[in-house]
Amino acid sequence: VPTPAELARLALHPDDDLAPNRPGEALLVALDRDPGPSHRLRADPRRRELTAEQTVGEALDRLDSAGWHTLHSVPLPGGDRIHHLLIGPGGLFALHTLYARKQKVTVTDQTIALGRRDPYPLLRRLRTEADRATYALTAEVHPVLTLFAPSDITIKTPPRDLRILRDTELEGLARLGGVLKPADVEALHAMARDRGVWHRLGV
């Protein structure tokens with residue numbers, strides 16, 4: 001008897017199945033289409049972002065054995081995307097990965113600043129993405145900001161309803177539980193892997 005996940009895979013056209021997406025899939029495709037000049041003086045920032053997304057994505061994929069599923073580069077109408085969508089016993093999480101290698105990170109309830117750069121309202125965007133995912137899946141999705149290799153994190157105002165984790169702390173999510181039963185996890189994963197579910201957000 002096929003499992004719900006196997007039935008979902010059989011029912012989906014390969015172009016509509018997001019499950020095979022690799023960590024950083026959207027960046028890999030973009031770099032393949034437009035590698036950028038090879039002689040530029042500064043490294044392409046997309047490659048740094050890709051390193052961060054791949055590191056985080058691989059850490060999340062390792063949670064499979066604990067009953068979690070991860071989808072990578074989930075496309076949202078308008079060109080946005082959820083870097084990683086994690087579904088498991090502890091609920092649903094939309095993770096955004098930020099390259100912060102060797103930088104000091106300062107967080108308030110609404111903004112984030114890297115080093116001496118001006119703060120910008122990234123956290124508002126993450127909440128909006130999680131809200132859109134909640135609407136698409138009819139199940140609450142929690143936003144998570146994952147910082148890749150920061151030197152230090154200062155949280156001036158703890159953000160409401162939003163987790164902030166280092167890339168080395170992701171295994172802690174596997175300890176969360178008591179929210180979804182295994183059958184619910186499989187059903188939500190089968191729904192979330194269908195590109196059409198997200199496409200309908202733009203209708």
# chains A, B, ... in the order shown; residues from 1 in each chain; ligands from 1
>>> closest_atom_pairs(of="stretch 12-72 of chain A", to="stretch 167-190 of chain A", cutoff="12 Å", atoms="only C-alpha atoms", output="Markdown table")
| residue | atom | partner | partner_atom | distance |
| --- | --- | --- | --- | --- |
| A:Leu12 | CA | A:Ala190 | CA | 9.7 |
| A:Asp16 | CA | A:Ala190 | CA | 11.8 |
| A:Asp17 | CA | A:Ala190 | CA | 9.4 |
| A:Leu18 | CA | A:Ala190 | CA | 9.9 |
| A:Ala19 | CA | A:His189 | CA | 8.8 |
| A:Thr51 | CA | A:Asp167 | CA | 11.5 |
| A:Ala52 | CA | A:Asp167 | CA | 8.4 |
| A:Glu53 | CA | A:Asp167 | CA | 9.6 |
| A:Gln54 | CA | A:Asp167 | CA | 10.6 |
| A:Thr55 | CA | A:Asp167 | CA | 7.5 |
| A:Val56 | CA | A:Asp167 | CA | 5.8 |
| A:Gly57 | CA | A:Asp167 | CA | 9.5 |
| A:Glu58 | CA | A:Asp167 | CA | 10.3 |
| A:Ala59 | CA | A:Leu170 | CA | 6.9 |
| A:Leu60 | CA | A:Leu170 | CA | 7.0 |
| A:Asp61 | CA | A:Glu171 | CA | 10.3 |
| A:Arg62 | CA | A:Glu171 | CA | 8.5 |
| A:Leu63 | CA | A:Ala174 | CA | 6.4 |
| A:Asp64 | CA | A:Ala174 | CA | 9.2 |
| A:Ser65 | CA | A:Ala174 | CA | 9.6 |
| A:Ala66 | CA | A:Ala174 | CA | 6.6 |
| A:Gly67 | CA | A:Pro182 | CA | 7.4 |
| A:Trp68 | CA | A:Ala174 | CA | 7.6 |
| A:His69 | CA | A:His189 | CA | 6.9 |
| A:Thr70 | CA | A:His189 | CA | 8.3 |
| A:Leu71 | CA | A:His189 | CA | 8.3 |
>>> closest_atom_pairs(of="stretch 122-151 of chain A", to="stretch 91-102 of chain A", cutoff="8 Å", atoms="only C-alpha atoms", output="Markdown table")
| residue | atom | partner | partner_atom | distance |
| --- | --- | --- | --- | --- |
| A:Leu126 | CA | A:His96 | CA | 7.1 |
| A:Glu129 | CA | A:Ala94 | CA | 7.6 |
| A:Ala130 | CA | A:Ala94 | CA | 5.9 |
| A:Ala133 | CA | A:Ala94 | CA | 7.9 |
| A:Ala139 | CA | A:Leu92 | CA | 7.8 |
| A:Glu140 | CA | A:Leu92 | CA | 6.7 |
| A:Val141 | CA | A:Leu92 | CA | 4.8 |
| A:His142 | CA | A:Phe93 | CA | 4.7 |
| A:Pro143 | CA | A:Ala94 | CA | 4.9 |
| A:Val144 | CA | A:Leu95 | CA | 4.7 |
| A:Leu145 | CA | A:His96 | CA | 5.1 |
| A:Thr146 | CA | A:Thr97 | CA | 4.8 |
| A:Leu147 | CA | A:Leu98 | CA | 5.1 |
| A:Phe148 | CA | A:Tyr99 | CA | 5.0 |
| A:Ala149 | CA | A:Arg101 | CA | 4.5 |
| A:Pro150 | CA | A:Arg101 | CA | 4.9 |
| A:Ser151 | CA | A:Lys102 | CA | 4.5 |
>>> closest_residue(among="A:Arg116, A:Leu41, A:Gly36, A:Ser73", to="A:Pro20", atoms="only C-alpha atoms")
A:Ser73
>>> residues_around(residues="stretch 195-203 of chain A", least_positions_apart="4", cutoff="9 Å", atoms="only C-alpha atoms", output="PyMOL selection string")
chain A and resi 15-18+74-78+132-133+135-137+191
>>> residues_around(residues="A:Thr157", least_positions_apart="4", cutoff="7 Å", atoms="only C-alpha atoms", output="MDAnalysis selection string")
chainID A and resid 107:109
>>> select_by_dssp(residues="stretch 31-193 of chain A", states="strand (DSSP E)", output="ChimeraX atom specification")
/A:69-75,81-88,91-99,104-107,112-114,141-148,152-155,163-166
>>> write_last_selection(atoms="C-alpha atoms", output="PDB file, in the first residue's frame")
ATOM      1  CA  HIS A  69      10.553  16.934   6.132  1.00  0.00           C
ATOM      2  CA  THR A  70      12.193  19.957   4.502  1.00  0.00           C
ATOM      3  CA  LEU A  71      11.331  21.658   1.218  1.00  0.00           C
ATOM      4  CA  HIS A  72      13.857  24.096  -0.243  1.00  0.00           C
ATOM      5  CA  SER A  73      13.383  27.240  -2.370  1.00  0.00           C
ATOM      6  CA  VAL A  74       9.581  27.276  -2.159  1.00  0.00           C
ATOM      7  CA  PRO A  75       8.465  29.850  -4.774  1.00  0.00           C
ATOM      8  CA  ARG A  81      10.641  32.478  -1.965  1.00  0.00           C
ATOM      9  CA  ILE A  82      10.827  30.636   1.321  1.00  0.00           C
ATOM     10  CA  HIS A  83      14.417  29.421   1.639  1.00  0.00           C
ATOM     11  CA  HIS A  84      13.423  26.330   3.642  1.00  0.00           C
ATOM     12  CA  LEU A  85      10.045  25.028   4.831  1.00  0.00           C
ATOM     13  CA  LEU A  86      10.381  22.575   7.735  1.00  0.00           C
ATOM     14  CA  ILE A  87       7.450  20.305   8.623  1.00  0.00           C
ATOM     15  CA  GLY A  88       7.510  17.915  11.564  1.00  0.00           C
ATOM     16  CA  GLY A  91       4.895  22.196  13.653  1.00  0.00           C
ATOM     17  CA  LEU A  92       5.725  24.155  10.506  1.00  0.00           C
ATOM     18  CA  PHE A  93       8.592  26.626  10.161  1.00  0.00           C
ATOM     19  CA  ALA A  94       9.549  28.998   7.344  1.00  0.00           C
ATOM     20  CA  LEU A  95      13.305  29.536   7.590  1.00  0.00           C
ATOM     21  CA  HIS A  96      15.174  32.428   6.000  1.00  0.00           C
ATOM     22  CA  THR A  97      18.946  32.065   5.864  1.00  0.00           C
ATOM     23  CA  LEU A  98      21.136  35.159   6.158  1.00  0.00           C
ATOM     24  CA  TYR A  99      24.869  35.113   5.407  1.00  0.00           C
ATOM     25  CA  LYS A 104      28.093  41.280  14.456  1.00  0.00           C
ATOM     26  CA  VAL A 105      24.329  41.053  14.140  1.00  0.00           C
ATOM     27  CA  THR A 106      21.980  43.447  15.949  1.00  0.00           C
ATOM     28  CA  VAL A 107      18.287  42.604  16.154  1.00  0.00           C
ATOM     29  CA  ILE A 112      18.264  43.593  11.679  1.00  0.00           C
ATOM     30  CA  ALA A 113      21.691  45.150  11.100  1.00  0.00           C
ATOM     31  CA  LEU A 114      24.906  43.465   9.979  1.00  0.00           C
ATOM     32  CA  VAL A 141       3.683  28.448   9.944  1.00  0.00           C
ATOM     33  CA  HIS A 142       6.253  30.070  12.261  1.00  0.00           C
ATOM     34  CA  PRO A 143       9.026  32.342  10.921  1.00  0.00           C
ATOM     35  CA  VAL A 144      12.666  31.533  11.747  1.00  0.00           C
ATOM     36  CA  LEU A 145      15.730  33.638  10.904  1.00  0.00           C
ATOM     37  CA  THR A 146      18.848  31.489  10.585  1.00  0.00           C
ATOM     38  CA  LEU A 147      22.154  33.351  10.803  1.00  0.00           C
ATOM     39  CA  PHE A 148      25.103  31.746   9.039  1.00  0.00           C
ATOM     40  CA  ASP A 152      28.116  37.834  17.682  1.00  0.00           C
ATOM     41  CA  ILE A 153      24.354  38.356  18.042  1.00  0.00           C
ATOM     42  CA  THR A 154      22.839  41.193  20.074  1.00  0.00           C
ATOM     43  CA  ILE A 155      19.061  41.081  20.509  1.00  0.00           C
ATOM     44  CA  ARG A 163      12.889  32.500  16.364  1.00  0.00           C
ATOM     45  CA  ILE A 164      16.479  33.516  15.686  1.00  0.00           C
ATOM     46  CA  LEU A 165      18.987  30.662  15.424  1.00  0.00           C
ATOM     47  CA  ARG A 166      22.584  30.184  14.377  1.00  0.00           C
TER      48      ARG A 166
END
